[in-house]
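A short write-up of the structure that comes next.
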Amino acid sequence: GCRLIQKALDTLDKTDVAAIVSSVKGKVWLLVHDHNGNHVIQKSVTKINELFLQSQGGGQEEEEGPSDETRLLLASLDIIVDEVTDNVKDLSVHPYGCRVVQRLIENCSGPQKTRVLDAVLEEGLVGMLIDHEYGNYVVQRVLAYGRPSDRVAVYDAIATNILKLSKQKHSSNVVEMMLTYGDAGQRRRIIEEVMNCYCVDQNFVNKSAAVSMAEDAYANYVMKTVLDILEEGPTRERLFGMLLAALPDLEKSPFAKQVVLRVKAYRQESNYE
């Protein structure tokens with residue numbers, strides 16, 4: 001039945017799609033938690049977005065306002081948005097629910113997108129989601145598809161704990177995405193934190209956070225992203241210099257391979273002696 005409904009959503013016209021999606025009213029929470037039902041909700045979200053974008057393509061609706069068919073589509077999507085935003089905390093940490101929240105962030109626009117983002121950004125929720133095995137994916141989508149103010153909220157939630165979060169399996173993904181989608185100031189401050197901090201390893205040896213991260217099972221991915229986004233200049237020179245000085249140790253680490261490759265490439269390009 002689930003595949004049949006998804007196929008129907010792909011082949012029917014706007015009015016029929018709106019009717020099918022509207023029929024889930026009051027059942028969204030149950031469907032999202034269902035192994036098969038969640039796919040129907042995800043497909044509903046992506047299909048409505050596809051049809052909405054098609055209606056905007058000709059420019060006619062932008063001038064004259066949405067047609068009756070488009071209004072019906074958006075009203076049917078409102079049903080999903082309403083029930084998801086009412087239960088966003090529960091759904092964001094659920095293996096199926098997090099997918100539906102992600103699809104809404106990726107596909108909604110206008111007031112509907114605002115409502116979903118506002119629900120996720122409710123006080124305290126982002127901090128809980130950052131290192132959650134499912135919730136981190138929701139935060140990643142917020143960074144990729146959200147508003148500048150949403151990126152500020154995520155940055156504020158991670159800024160004081162960059163090293164610890166980079167060394168945790170799930171939150172390290174969020175730090176990487178922050179480096180990818182953050183503005184120049186946010187990136188700079190994260191990189192400064194990495195370069196200026198020191199930590200004590202298991203042998204009680206004081207080492208730079210940059211070297212410690214390069215040797216870590218998860219933080220090495222964050223370090224790789226830092227090296228890839230750094231532009232020419234004194235900050236880049238200094239960071240590569242720190243890593244070059246630690247190259248013999250880095251080469252012994254099973255996790256630092258990608259960082260070592262980049263450090264060696266830097267040494268070659270700059271004829272570093």
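Residues are named by chain letter and number: chains run A, B, ... in the order of the structure tokens, numbers start at 1 in each chain, and ligands are numbered from 1 in the order shown.
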With a cut-off of 12 Å, could you pull out the residues of stretch 211-267 of chain A touching stretch 150-162 of chain A and give me the nearest pair of atoms for each, distance in Å to one decimal, using only C-alpha atoms, ordered by chain and ascending number, as CSV?
```
residue,atom,partner,partner_atom,distance
A:Met213,CA,A:Ile162,CA,10.5
A:Ala219,CA,A:Ile162,CA,9.8
A:Val222,CA,A:Ile162,CA,10.0
A:Met223,CA,A:Ile162,CA,11.5
```
(Q) One number please: atom CA of A:Ile79 to atom CA of A:Ile130, in Å, one decimal. (A)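 Going from atom CA of A:Ile79 over to atom CA of A:Ile130 covers 27.3 Å.
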(Q) With only C-alpha atoms as the counted atoms, please give the residues lying no more than 8 Å from stretch 108-124 of chain A, apart from itself and same-chain residues fewer than 3 positions off, as a list in words. (A)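 Listing them by chain and then by number gives Val45, Asn49, Asp78, Val81, Thr85, Val88, Lys89, Val101, Leu104, Ile105, Gly127, Met128, Val142, Gly146, Asp150 and Ala153 of chain A.
Distances here use only C-alpha atoms; by that measure, the residue among A:Lys27, A:Arg141, A:Arg103, A:His94 closest to A:His39 is A:Arg103.
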